[in-house]
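Participant: Supplied structure: structure39.cif, mmCIF, C-alpha atoms.
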```
data_upload
#
loop_
_atom_site.label_atom_id
_atom_site.label_comp_id
_atom_site.auth_asym_id
_atom_site.auth_seq_id
_atom_site.Cartn_x
_atom_site.Cartn_y
_atom_site.Cartn_z
CA MET A 1 0.00 0.00 0.00
CA VAL A 2 1.29 3.44 -0.88
CA LEU A 3 0.59 4.83 2.60
CA ASP A 4 3.07 2.33 4.03
CA ARG A 5 5.84 4.22 2.25
CA PHE A 6 5.14 7.24 4.46
CA SER A 7 5.62 5.27 7.68
CA LEU A 8 8.61 6.13 9.87
CA GLN A 9 8.22 3.18 12.23
CA GLY A 10 11.59 2.16 13.68
CA LYS A 11 13.33 5.36 12.53
CA VAL A 12 15.31 7.78 14.68
CA ALA A 13 15.13 11.46 13.70
CA ILE A 14 17.36 14.29 14.91
CA VAL A 15 15.56 17.65 14.82
CA THR A 16 17.45 20.83 15.70
CA GLY A 17 15.66 23.86 17.11
CA CYS A 18 12.47 22.01 18.02
CA ASN A 19 11.52 23.60 21.34
CA THR A 20 8.95 25.89 19.67
CA GLY A 21 7.36 26.81 16.36
CA LEU A 22 8.14 25.06 13.09
CA GLY A 23 10.70 22.71 14.61
CA GLN A 24 8.23 21.59 17.24
CA GLY A 25 5.60 21.00 14.58
CA MET A 26 7.99 18.91 12.47
CA ALA A 27 9.15 16.87 15.48
CA ARG A 28 5.52 16.19 16.36
CA ALA A 29 4.72 15.12 12.79
CA LEU A 30 7.71 12.77 12.59
CA ALA A 31 6.66 11.16 15.88
CA GLN A 32 3.09 10.77 14.68
CA ALA A 33 4.48 8.97 11.62
CA GLY A 34 6.38 6.57 13.90
CA ALA A 35 9.85 8.04 14.51
CA ASP A 36 11.64 8.44 17.82
CA VAL A 37 13.00 11.99 18.10
CA VAL A 38 16.27 13.49 19.31
CA GLY A 39 15.68 17.19 19.97
CA VAL A 40 18.72 19.47 19.83
CA ASN A 41 18.06 22.76 21.59
CA MET A 42 19.64 25.29 23.94
CA THR A 43 16.65 25.27 26.29
CA ALA A 44 14.35 22.57 27.64
CA PRO A 45 11.89 21.43 24.96
CA GLN A 46 9.32 20.29 27.52
CA GLU A 47 6.23 20.84 25.37
CA THR A 48 7.85 19.16 22.37
CA GLU A 49 8.81 16.16 24.50
CA ARG A 50 5.23 15.91 25.73
CA GLN A 51 3.86 16.01 22.18
CA VAL A 52 6.28 13.32 21.01
CA THR A 53 5.55 11.01 23.93
CA ASP A 54 1.81 11.62 23.54
CA ALA A 55 2.25 10.22 20.02
CA GLY A 56 3.66 7.06 21.60
CA ARG A 57 7.30 7.68 20.64
CA ARG A 58 10.50 8.26 22.62
CA PHE A 59 12.20 11.65 22.96
CA LEU A 60 15.82 12.49 23.82
CA ASP A 61 16.60 16.00 25.08
CA ALA A 62 20.09 16.73 23.69
CA ARG A 63 21.20 20.23 24.71
CA ALA A 64 23.66 22.05 22.46
CA ASP A 65 24.60 25.50 21.21
CA LEU A 66 24.85 25.14 17.45
CA SER A 67 26.74 28.40 17.10
CA ASP A 68 29.75 26.20 17.94
CA SER A 69 30.09 23.30 15.50
CA HIS A 70 32.22 21.37 18.00
CA CYS A 71 28.98 20.32 19.72
CA ILE A 72 27.85 18.23 16.75
CA GLU A 73 29.92 15.09 17.25
CA PRO A 74 29.04 14.76 20.97
CA VAL A 75 25.34 15.18 20.14
CA LEU A 76 25.55 12.52 17.45
CA ARG A 77 27.31 10.11 19.81
CA GLN A 78 24.60 10.75 22.41
CA ALA A 79 21.88 10.06 19.84
CA LEU A 80 23.53 6.81 18.74
CA ALA A 81 23.99 5.62 22.31
CA TRP A 82 20.29 6.29 22.92
CA GLY A 83 18.75 5.14 19.64
CA GLY A 84 21.32 2.75 18.20
CA HIS A 85 21.14 4.38 14.77
CA VAL A 86 20.12 7.60 13.03
CA ASP A 87 17.92 7.72 9.95
CA ILE A 88 16.72 11.32 9.59
CA LEU A 89 18.23 14.76 10.21
CA VAL A 90 16.13 17.92 10.15
CA ASN A 91 18.35 21.04 10.21
CA ASN A 92 15.80 23.52 11.52
CA ALA A 93 17.69 25.60 14.10
CA GLY A 94 18.13 29.20 13.02
CA ILE A 95 18.40 32.77 14.24
CA ILE A 96 17.77 36.16 12.66
CA ARG A 97 19.21 39.64 13.22
CA ARG A 98 17.63 42.78 11.79
CA ASP A 99 19.34 46.02 10.80
CA ASP A 100 19.92 48.13 7.70
CA ALA A 101 22.62 46.68 5.46
CA ILE A 102 24.50 49.99 5.60
CA ARG A 103 25.26 49.48 9.30
CA PHE A 104 24.95 45.72 9.78
CA SER A 105 27.63 44.46 12.18
CA GLU A 106 30.19 41.75 11.58
CA LYS A 107 29.08 40.03 14.78
CA ASP A 108 25.48 39.83 13.62
CA TRP A 109 26.73 38.47 10.30
CA ASP A 110 28.90 35.78 11.92
CA ASP A 111 26.34 34.79 14.56
CA VAL A 112 23.65 34.09 11.98
CA LEU A 113 25.91 32.32 9.48
CA ASN A 114 27.34 30.08 12.18
CA VAL A 115 23.93 28.78 13.23
CA ASN A 116 22.00 28.93 9.96
CA LEU A 117 24.65 27.67 7.57
CA LYS A 118 27.82 26.35 9.17
CA SER A 119 25.97 24.07 11.58
CA VAL A 120 23.72 22.85 8.75
CA PHE A 121 26.69 21.75 6.65
CA PHE A 122 28.72 20.15 9.42
CA PHE A 123 25.74 18.42 11.05
CA SER A 124 24.81 17.05 7.63
CA GLN A 125 28.40 15.93 7.08
CA ALA A 126 28.54 14.11 10.42
CA VAL A 127 25.19 12.40 9.89
CA ALA A 128 26.03 11.46 6.29
CA ARG A 129 29.17 9.73 7.54
CA GLN A 130 26.99 7.79 9.97
CA PHE A 131 24.54 6.89 7.18
CA LEU A 132 27.45 5.52 5.14
CA ALA A 133 28.71 3.51 8.12
CA GLN A 134 25.22 2.08 8.66
CA GLY A 135 24.96 1.21 4.96
CA SER A 136 21.25 1.91 4.79
CA GLY A 137 21.06 5.47 3.42
CA GLY A 138 19.12 8.20 5.16
CA LYS A 139 17.26 11.47 4.86
CA ILE A 140 18.55 15.02 5.44
CA ILE A 141 16.03 17.86 5.40
CA ASN A 142 17.28 21.43 5.57
CA VAL A 143 15.04 24.38 6.37
CA ALA A 144 15.38 27.17 3.85
CA SER A 145 13.13 30.26 3.54
CA MET A 146 11.32 32.53 1.13
CA LEU A 147 14.50 34.59 1.40
CA SER A 148 16.32 31.73 -0.31
CA PHE A 149 14.63 33.13 -3.43
CA GLN A 150 14.23 36.82 -2.61
CA GLY A 151 16.39 39.53 -1.12
CA GLY A 152 14.36 40.60 1.87
CA ILE A 153 14.85 43.84 3.79
CA ARG A 154 17.10 44.51 6.80
CA VAL A 155 18.16 40.84 7.19
CA PRO A 156 21.37 40.55 5.14
CA SER A 157 22.96 37.66 7.03
CA TYR A 158 19.69 35.73 7.20
CA THR A 159 19.17 36.15 3.46
CA ALA A 160 22.74 35.06 2.76
CA SER A 161 22.43 32.00 4.99
CA LYS A 162 19.10 30.83 3.59
CA SER A 163 20.19 31.36 -0.01
CA ALA A 164 23.26 29.25 0.74
CA VAL A 165 21.16 26.51 2.34
CA VAL A 166 19.53 25.87 -1.04
CA GLY A 167 22.94 25.74 -2.69
CA ILE A 168 24.50 23.26 -0.27
CA THR A 169 21.34 21.16 -0.35
CA ARG A 170 21.90 20.69 -4.07
CA LEU A 171 25.63 20.09 -3.63
CA MET A 172 25.16 17.41 -0.96
CA ALA A 173 22.45 15.74 -3.04
CA ASN A 174 24.81 15.64 -6.02
CA GLU A 175 27.51 13.93 -3.97
CA TRP A 176 25.43 11.61 -1.78
CA ALA A 177 22.35 10.56 -3.76
CA ALA A 178 24.13 7.52 -5.22
CA SER A 179 24.72 6.30 -1.66
CA GLY A 180 21.01 6.36 -0.85
CA ILE A 181 21.19 9.64 1.06
CA ASN A 182 18.40 12.02 0.11
CA VAL A 183 19.13 15.68 0.80
CA ASN A 184 16.28 18.12 0.27
CA ALA A 185 14.96 21.34 1.82
CA ILE A 186 11.71 22.93 2.89
CA ALA A 187 11.25 26.68 2.36
CA PRO A 188 8.50 27.91 4.68
CA GLY A 189 6.62 31.01 3.68
CA TYR A 190 5.39 33.62 6.13
CA MET A 191 4.67 31.56 9.23
CA ALA A 192 3.22 32.56 12.59
CA THR A 193 6.39 31.96 14.64
CA ASN A 194 8.62 33.86 17.05
CA ASN A 195 10.78 35.10 14.15
CA THR A 196 7.81 36.82 12.48
CA ALA A 197 6.29 38.30 15.64
CA PRO A 198 7.59 41.82 14.80
CA LEU A 199 6.03 41.62 11.33
CA ARG A 200 2.69 40.36 12.60
CA ALA A 201 2.66 43.08 15.25
CA ASP A 202 3.01 45.74 12.54
CA ALA A 203 -0.58 46.05 11.26
CA ASP A 204 0.38 47.73 7.98
CA ARG A 205 3.21 45.31 7.17
CA SER A 206 1.11 42.30 8.12
CA ALA A 207 -1.73 43.46 5.86
CA THR A 208 0.70 43.96 2.96
CA ILE A 209 2.06 40.45 3.42
CA LEU A 210 -1.38 38.85 3.62
CA GLU A 211 -2.47 40.64 0.44
CA ARG A 212 0.41 38.92 -1.39
CA ILE A 213 -0.35 35.38 -0.12
CA PRO A 214 -2.92 33.66 -2.37
CA ALA A 215 -4.03 31.41 0.51
CA GLY A 216 -4.90 34.58 2.46
CA ARG A 217 -3.37 33.56 5.80
CA TRP A 218 -0.12 33.15 7.70
CA GLY A 219 1.20 29.61 7.76
CA VAL A 220 1.22 27.50 10.92
CA PRO A 221 3.55 24.68 12.04
CA ASP A 222 1.06 21.97 11.01
CA ASP A 223 1.46 23.14 7.41
CA LEU A 224 4.93 21.55 7.42
CA ALA A 225 3.76 18.19 8.77
CA GLY A 226 3.01 16.58 5.41
CA PRO A 227 6.11 17.86 3.59
CA VAL A 228 8.53 16.85 6.36
CA VAL A 229 7.07 13.34 6.69
CA PHE A 230 7.19 12.93 2.90
CA LEU A 231 10.83 14.00 2.68
CA ALA A 232 11.76 11.84 5.69
CA SER A 233 10.08 8.72 4.34
CA ALA A 234 10.58 6.13 1.61
CA ALA A 235 7.91 7.99 -0.40
CA SER A 236 10.61 10.52 -1.40
CA ASP A 237 13.38 8.04 -2.30
CA TYR A 238 13.77 9.54 -5.80
CA VAL A 239 13.60 13.18 -4.70
CA ASN A 240 17.08 14.70 -4.46
CA GLY A 241 18.36 18.26 -4.11
CA TYR A 242 14.92 19.87 -4.25
CA THR A 243 13.56 22.74 -2.17
CA VAL A 244 9.83 22.50 -1.48
CA ALA A 245 8.17 25.89 -0.94
CA VAL A 246 5.40 25.73 1.66
CA ASP A 247 4.22 29.29 1.26
CA GLY A 248 0.50 29.51 0.55
CA GLY A 249 1.35 30.43 -3.04
CA TRP A 250 3.65 33.39 -2.23
CA LEU A 251 6.22 32.54 -4.91
CA ALA A 252 3.53 31.92 -7.50
CA ARG A 253 2.16 35.44 -7.14
#
```
Transcribe the structure of this file into structure tokens.
Facilitator:
Amino acid sequence: MVLDRFSLQGKVAIVTGCNTGLGQGMARALAQAGADVVGVNMTAPQETERQVTDAGRRFLDARADLSDSHCIEPVLRQALAWGGHVDILVNNAGIIRRDDAIRFSEKDWDDVLNVNLKSVFFFSQAVARQFLAQGSGGKIINVASMLSFQGGIRVPSYTASKSAVVGITRLMANEWAASGINVNAIAPGYMATNNTAPLRADADRSATILERIPAGRWGVPDDLAGPVVFLASAASDYVNGYTVAVDGGWLAR
């Protein structure tokens, strides 16, 4: 049956930045599809853990600061000791800094690139090595953005990082697809999350954004449930290097 190909029973998924928002929604969806979840966060993901265990799956709270890539190997070892194997990586953790490009600081540039891009590449590298050692392939899902396709305003380092995420997603797919490792990305549109709180609080800006979205609403974490389960499952075994826009039609406008 085709629905069996979407099952994640027996899989172990690492999800970074899953204590709130989109990451929490994706962790919940993976658990509902059958995966045990390793959550990588700086703070306690208590609500996410509850949602995963309510779905009947196990949850490992693995604390780490992804601004320092040296944390990746210890987190992976912890995940393997707990789960025995790793099958899925969702690189969701990200930060944003806002300021005019004319005065944007080097620190704000480096802070964002370290979390949003450097950690994505080196976490993917570490997990891909594990996939090769296991000999069973695996799934890597990176989280891109509408600003992977557009310039944005007052978020130069965020735009740079998310544009690069699409590029390295393609590169890793080119190199690893023949080994059964699928690397793809999800580009959320304008979602009701902590990152967009300033935009949603600005009545004029929020109205302008909603006018541009054909679906006529802000996205919510559950909108990523189907795409992340698809890309994490055997149903996407011949999908490589692709970025799926989940944007209510924003890019089609």
Participant: Find, counting all atoms listed in the file, the residue in A:Ile168, A:Ala27, A:Val143, A:Ala160 that gets nearest to Thr48 in chain A.
Facilitator: A:Ala27
Participant: Please write the residues picked by the PyMOL selection byres ((chain A and resi 123) around 9) on this file as an MDAnalysis selection string.
Facilitator: chainID A and resid 69 72:73 76 89 91 118:122 124:128
Participant: From the set A:Val52, A:Ile181, A:Ala62, A:Cys71, which residue has the shortest atom-to-atom contact distance to Lys139 in chain A, counting only C-alpha atoms?
Facilitator: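 Ranking A:Val52, A:Ile181, A:Ala62, A:Cys71 by distance to Lys139 in chain A, first place goes to A:Ile181.
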Participant: For this file, the PyMOL selection byres ((chain A and resi 189) around 7) selects which residues, as a compact mmCIF listing (two decimals) with C-alpha atoms, in the frame of the given file?
Facilitator:
```
# COMPACT_ATOMS: atom_id res chain seq x y z
CA SER A 145 13.13 30.26 3.54
CA MET A 146 11.32 32.53 1.13
CA ALA A 187 11.25 26.68 2.36
CA PRO A 188 8.50 27.91 4.68
CA TYR A 190 5.39 33.62 6.13
CA MET A 191 4.67 31.56 9.23
CA GLY A 219 1.20 29.61 7.76
CA VAL A 246 5.40 25.73 1.66
CA ASP A 247 4.22 29.29 1.26
```
Participant: With the PyMOL selection byres ((chain A and resi 95-103) around 6) as the selection, what would be picked from this file? Answer as an MDAnalysis selection string, please.
Facilitator: chainID A and resid 94 104 112 154:155 158
Participant: Each residue of range 156-208 of chain A lying at most 10 Å from range 225-232 of chain A should get a row with its shortest atom-to-atom pair and the distance in Å to one decimal, counting only C-alpha atoms; could you produce that, ordered by chain and increasing number, as JSON lines?
Facilitator:
```
{"residue": "A:Asn182", "atom": "CA", "partner": "A:Leu231", "partner_atom": "CA", "distance": 8.2}
{"residue": "A:Val183", "atom": "CA", "partner": "A:Leu231", "partner_atom": "CA", "distance": 8.7}
{"residue": "A:Asn184", "atom": "CA", "partner": "A:Leu231", "partner_atom": "CA", "distance": 7.2}
{"residue": "A:Ala185", "atom": "CA", "partner": "A:Leu231", "partner_atom": "CA", "distance": 8.5}
{"residue": "A:Ile186", "atom": "CA", "partner": "A:Pro227", "partner_atom": "CA", "distance": 7.6}
```
Participant: I need the residue nearest Leu3 in chain A from this list: A:Ala33, A:Ala252, A:Leu224, A:Ile141. Use all atoms listed in the file for the distance.
Facilitator: A:Ala33
Participant: Within 6 Å of Arg5 in chain A, counting only C-alpha atoms, which residues show up once you throw out same-chain ones fewer than 2 positions away? Write them as a ChimeraX atom specification, please.
Facilitator: /A:2-3,7,234-235
Participant: Please compute the CA of Asp61 in chain A-CA of Thr193 in chain A distance, one decimal, in Å.
Facilitator: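 Pair CA of Asp61 in chain A / CA of Thr193 in chain A returns 21.6 Å.
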Participant: For Arg28 in chain A, which residue out of A:Thr53, A:Ser206, A:Thr43, A:Gln150 is the nearest one, using only C-alpha atoms?
Facilitator: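 Nearest candidate to Arg28 in chain A out of A:Thr53, A:Ser206, A:Thr43, A:Gln150: A:Thr53.
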Participant: Excluding same-chain residues fewer than 4 positions from Gly17 in chain A, what lies within 7 Å of it counting all atoms listed in the file, as a JSON list (two decimals) with C-alpha atoms, in the coordinates of the input?
Facilitator:
```json
[["chain", "number", "residue", "atom", "x", "y", "z"],
["A", 23, "GLY", "CA", 10.70, 22.71, 14.61],
["A", 40, "VAL", "CA", 18.72, 19.47, 19.83],
["A", 41, "ASN", "CA", 18.06, 22.76, 21.59],
["A", 92, "ASN", "CA", 15.80, 23.52, 11.52],
["A", 93, "ALA", "CA", 17.69, 25.60, 14.10]]
```
Participant: Of the candidates A:Gln51, A:Ser157, A:Gln32, A:Gln130, which one gets nearest to Cys18 in chain A if we count all atoms listed in the file?
Facilitator: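 Looking at the shortest contact to Cys18 in chain A, the residue is A:Gln51.
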Participant: Would you work out the distance separating CA of Leu251 in chain A from CA of Ile213 in chain A, expressed in Å to one decimal?
Facilitator: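 Interatomic distance here is 8.6 Å.
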Participant: With distances taken over all atoms listed in the file, which residue among A:Ala192, A:Ala164, A:Thr159, A:Gly25 lies nearest Trp109 in chain A?
Facilitator: A:Thr159
Participant: Just how far from CA of Lys162 in chain A is CA of Leu147 in chain A, in Å to one decimal?
Facilitator: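 That distance, rounded to one decimal, is 6.3 Å.
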Participant: Hey, can you pull every residue with an atom no more than 12 Å from (-1.0, 34.6, -4.9), using only C-alpha atoms, and send it as a PyMOL selection string?
Facilitator: chain A and resi 209-217+247-253
Participant: Could I get range 97-127 of chain A rebuilt with N, CA and C atoms, written as a PDB file, keeping the file's coordinate frame?
Facilitator:
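Listing of out21.pdb after writing:
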```pdb
ATOM      1  N   ARG A  97      18.855  38.320  12.691  1.00  0.00           N
ATOM      2  CA  ARG A  97      19.210  39.640  13.220  1.00  0.00           C
ATOM      3  C   ARG A  97      18.760  40.681  12.199  1.00  0.00           C
ATOM      4  N   ARG A  98      18.182  41.770  12.680  1.00  0.00           N
ATOM      5  CA  ARG A  98      17.630  42.780  11.790  1.00  0.00           C
ATOM      6  C   ARG A  98      18.357  44.113  11.947  1.00  0.00           C
ATOM      7  N   ASP A  99      18.789  44.665  10.827  1.00  0.00           N
ATOM      8  CA  ASP A  99      19.340  46.020  10.800  1.00  0.00           C
ATOM      9  C   ASP A  99      19.562  46.387   9.331  1.00  0.00           C
ATOM     10  N   ASP A 100      19.641  47.680   9.063  1.00  0.00           N
ATOM     11  CA  ASP A 100      19.920  48.130   7.700  1.00  0.00           C
ATOM     12  C   ASP A 100      21.272  47.610   7.239  1.00  0.00           C
ATOM     13  N   ALA A 101      21.359  47.216   5.990  1.00  0.00           N
ATOM     14  CA  ALA A 101      22.620  46.680   5.460  1.00  0.00           C
ATOM     15  C   ALA A 101      23.762  47.678   5.609  1.00  0.00           C
ATOM     16  N   ILE A 102      23.462  48.964   5.554  1.00  0.00           N
ATOM     17  CA  ILE A 102      24.500  49.990   5.600  1.00  0.00           C
ATOM     18  C   ILE A 102      25.241  50.002   6.940  1.00  0.00           C
ATOM     19  N   ARG A 103      24.597  49.477   7.992  1.00  0.00           N
ATOM     20  CA  ARG A 103      25.260  49.480   9.300  1.00  0.00           C
ATOM     21  C   ARG A 103      25.253  48.111   9.977  1.00  0.00           C
ATOM     22  N   PHE A 104      25.008  47.076   9.220  1.00  0.00           N
ATOM     23  CA  PHE A 104      24.950  45.720   9.780  1.00  0.00           C
ATOM     24  C   PHE A 104      26.315  45.313  10.316  1.00  0.00           C
ATOM     25  N   SER A 105      26.358  44.741  11.517  1.00  0.00           N
ATOM     26  CA  SER A 105      27.630  44.460  12.180  1.00  0.00           C
ATOM     27  C   SER A 105      28.206  43.117  11.768  1.00  0.00           C
ATOM     28  N   GLU A 106      29.513  43.014  11.883  1.00  0.00           N
ATOM     29  CA  GLU A 106      30.190  41.750  11.580  1.00  0.00           C
ATOM     30  C   GLU A 106      29.750  40.662  12.553  1.00  0.00           C
ATOM     31  N   LYS A 107      29.526  41.020  13.808  1.00  0.00           N
ATOM     32  CA  LYS A 107      29.080  40.030  14.780  1.00  0.00           C
ATOM     33  C   LYS A 107      27.725  39.454  14.408  1.00  0.00           C
ATOM     34  N   ASP A 108      26.792  40.318  14.018  1.00  0.00           N
ATOM     35  CA  ASP A 108      25.480  39.830  13.620  1.00  0.00           C
ATOM     36  C   ASP A 108      25.573  38.970  12.363  1.00  0.00           C
ATOM     37  N   TRP A 109      26.497  39.298  11.494  1.00  0.00           N
ATOM     38  CA  TRP A 109      26.730  38.470  10.300  1.00  0.00           C
ATOM     39  C   TRP A 109      27.221  37.090  10.721  1.00  0.00           C
ATOM     40  N   ASP A 110      28.278  37.048  11.534  1.00  0.00           N
ATOM     41  CA  ASP A 110      28.900  35.780  11.920  1.00  0.00           C
ATOM     42  C   ASP A 110      27.958  34.926  12.764  1.00  0.00           C
ATOM     43  N   ASP A 111      27.239  35.544  13.698  1.00  0.00           N
ATOM     44  CA  ASP A 111      26.340  34.790  14.560  1.00  0.00           C
ATOM     45  C   ASP A 111      25.295  34.035  13.744  1.00  0.00           C
ATOM     46  N   VAL A 112      24.707  34.715  12.784  1.00  0.00           N
ATOM     47  CA  VAL A 112      23.650  34.090  11.980  1.00  0.00           C
ATOM     48  C   VAL A 112      24.221  33.024  11.052  1.00  0.00           C
ATOM     49  N   LEU A 113      25.333  33.315  10.393  1.00  0.00           N
ATOM     50  CA  LEU A 113      25.910  32.320   9.480  1.00  0.00           C
ATOM     51  C   LEU A 113      26.381  31.073  10.217  1.00  0.00           C
ATOM     52  N   ASN A 114      26.883  31.245  11.421  1.00  0.00           N
ATOM     53  CA  ASN A 114      27.340  30.080  12.180  1.00  0.00           C
ATOM     54  C   ASN A 114      26.208  29.114  12.477  1.00  0.00           C
ATOM     55  N   VAL A 115      25.060  29.638  12.884  1.00  0.00           N
ATOM     56  CA  VAL A 115      23.930  28.780  13.230  1.00  0.00           C
ATOM     57  C   VAL A 115      23.190  28.310  11.978  1.00  0.00           C
ATOM     58  N   ASN A 116      22.896  29.231  11.081  1.00  0.00           N
ATOM     59  CA  ASN A 116      22.000  28.930   9.960  1.00  0.00           C
ATOM     60  C   ASN A 116      22.659  28.203   8.809  1.00  0.00           C
ATOM     61  N   LEU A 117      23.981  28.279   8.712  1.00  0.00           N
ATOM     62  CA  LEU A 117      24.650  27.670   7.570  1.00  0.00           C
ATOM     63  C   LEU A 117      25.769  26.718   7.986  1.00  0.00           C
ATOM     64  N   LYS A 118      26.690  27.199   8.799  1.00  0.00           N
ATOM     65  CA  LYS A 118      27.820  26.350   9.170  1.00  0.00           C
ATOM     66  C   LYS A 118      27.345  25.093   9.892  1.00  0.00           C
ATOM     67  N   SER A 119      26.443  25.241  10.845  1.00  0.00           N
ATOM     68  CA  SER A 119      25.970  24.070  11.580  1.00  0.00           C
ATOM     69  C   SER A 119      25.185  23.126  10.670  1.00  0.00           C
ATOM     70  N   VAL A 120      24.479  23.680   9.695  1.00  0.00           N
ATOM     71  CA  VAL A 120      23.720  22.850   8.750  1.00  0.00           C
ATOM     72  C   VAL A 120      24.676  21.954   7.958  1.00  0.00           C
ATOM     73  N   PHE A 121      25.756  22.547   7.444  1.00  0.00           N
ATOM     74  CA  PHE A 121      26.690  21.750   6.650  1.00  0.00           C
ATOM     75  C   PHE A 121      27.383  20.699   7.504  1.00  0.00           C
ATOM     76  N   PHE A 122      27.917  21.092   8.652  1.00  0.00           N
ATOM     77  CA  PHE A 122      28.720  20.150   9.420  1.00  0.00           C
ATOM     78  C   PHE A 122      27.876  19.113  10.158  1.00  0.00           C
ATOM     79  N   PHE A 123      26.635  19.444  10.503  1.00  0.00           N
ATOM     80  CA  PHE A 123      25.740  18.420  11.050  1.00  0.00           C
ATOM     81  C   PHE A 123      25.383  17.423   9.951  1.00  0.00           C
ATOM     82  N   SER A 124      25.116  17.937   8.758  1.00  0.00           N
ATOM     83  CA  SER A 124      24.810  17.050   7.630  1.00  0.00           C
ATOM     84  C   SER A 124      26.001  16.149   7.326  1.00  0.00           C
ATOM     85  N   GLN A 125      27.190  16.713   7.342  1.00  0.00           N
ATOM     86  CA  GLN A 125      28.400  15.930   7.080  1.00  0.00           C
ATOM     87  C   GLN A 125      28.550  14.793   8.085  1.00  0.00           C
ATOM     88  N   ALA A 126      28.393  15.112   9.371  1.00  0.00           N
ATOM     89  CA  ALA A 126      28.540  14.110  10.420  1.00  0.00           C
ATOM     90  C   ALA A 126      27.497  13.004  10.287  1.00  0.00           C
ATOM     91  N   VAL A 127      26.256  13.386  10.011  1.00  0.00           N
ATOM     92  CA  VAL A 127      25.190  12.400   9.890  1.00  0.00           C
ATOM     93  C   VAL A 127      25.352  11.588   8.605  1.00  0.00           C
TER      94      VAL A 127
END
```
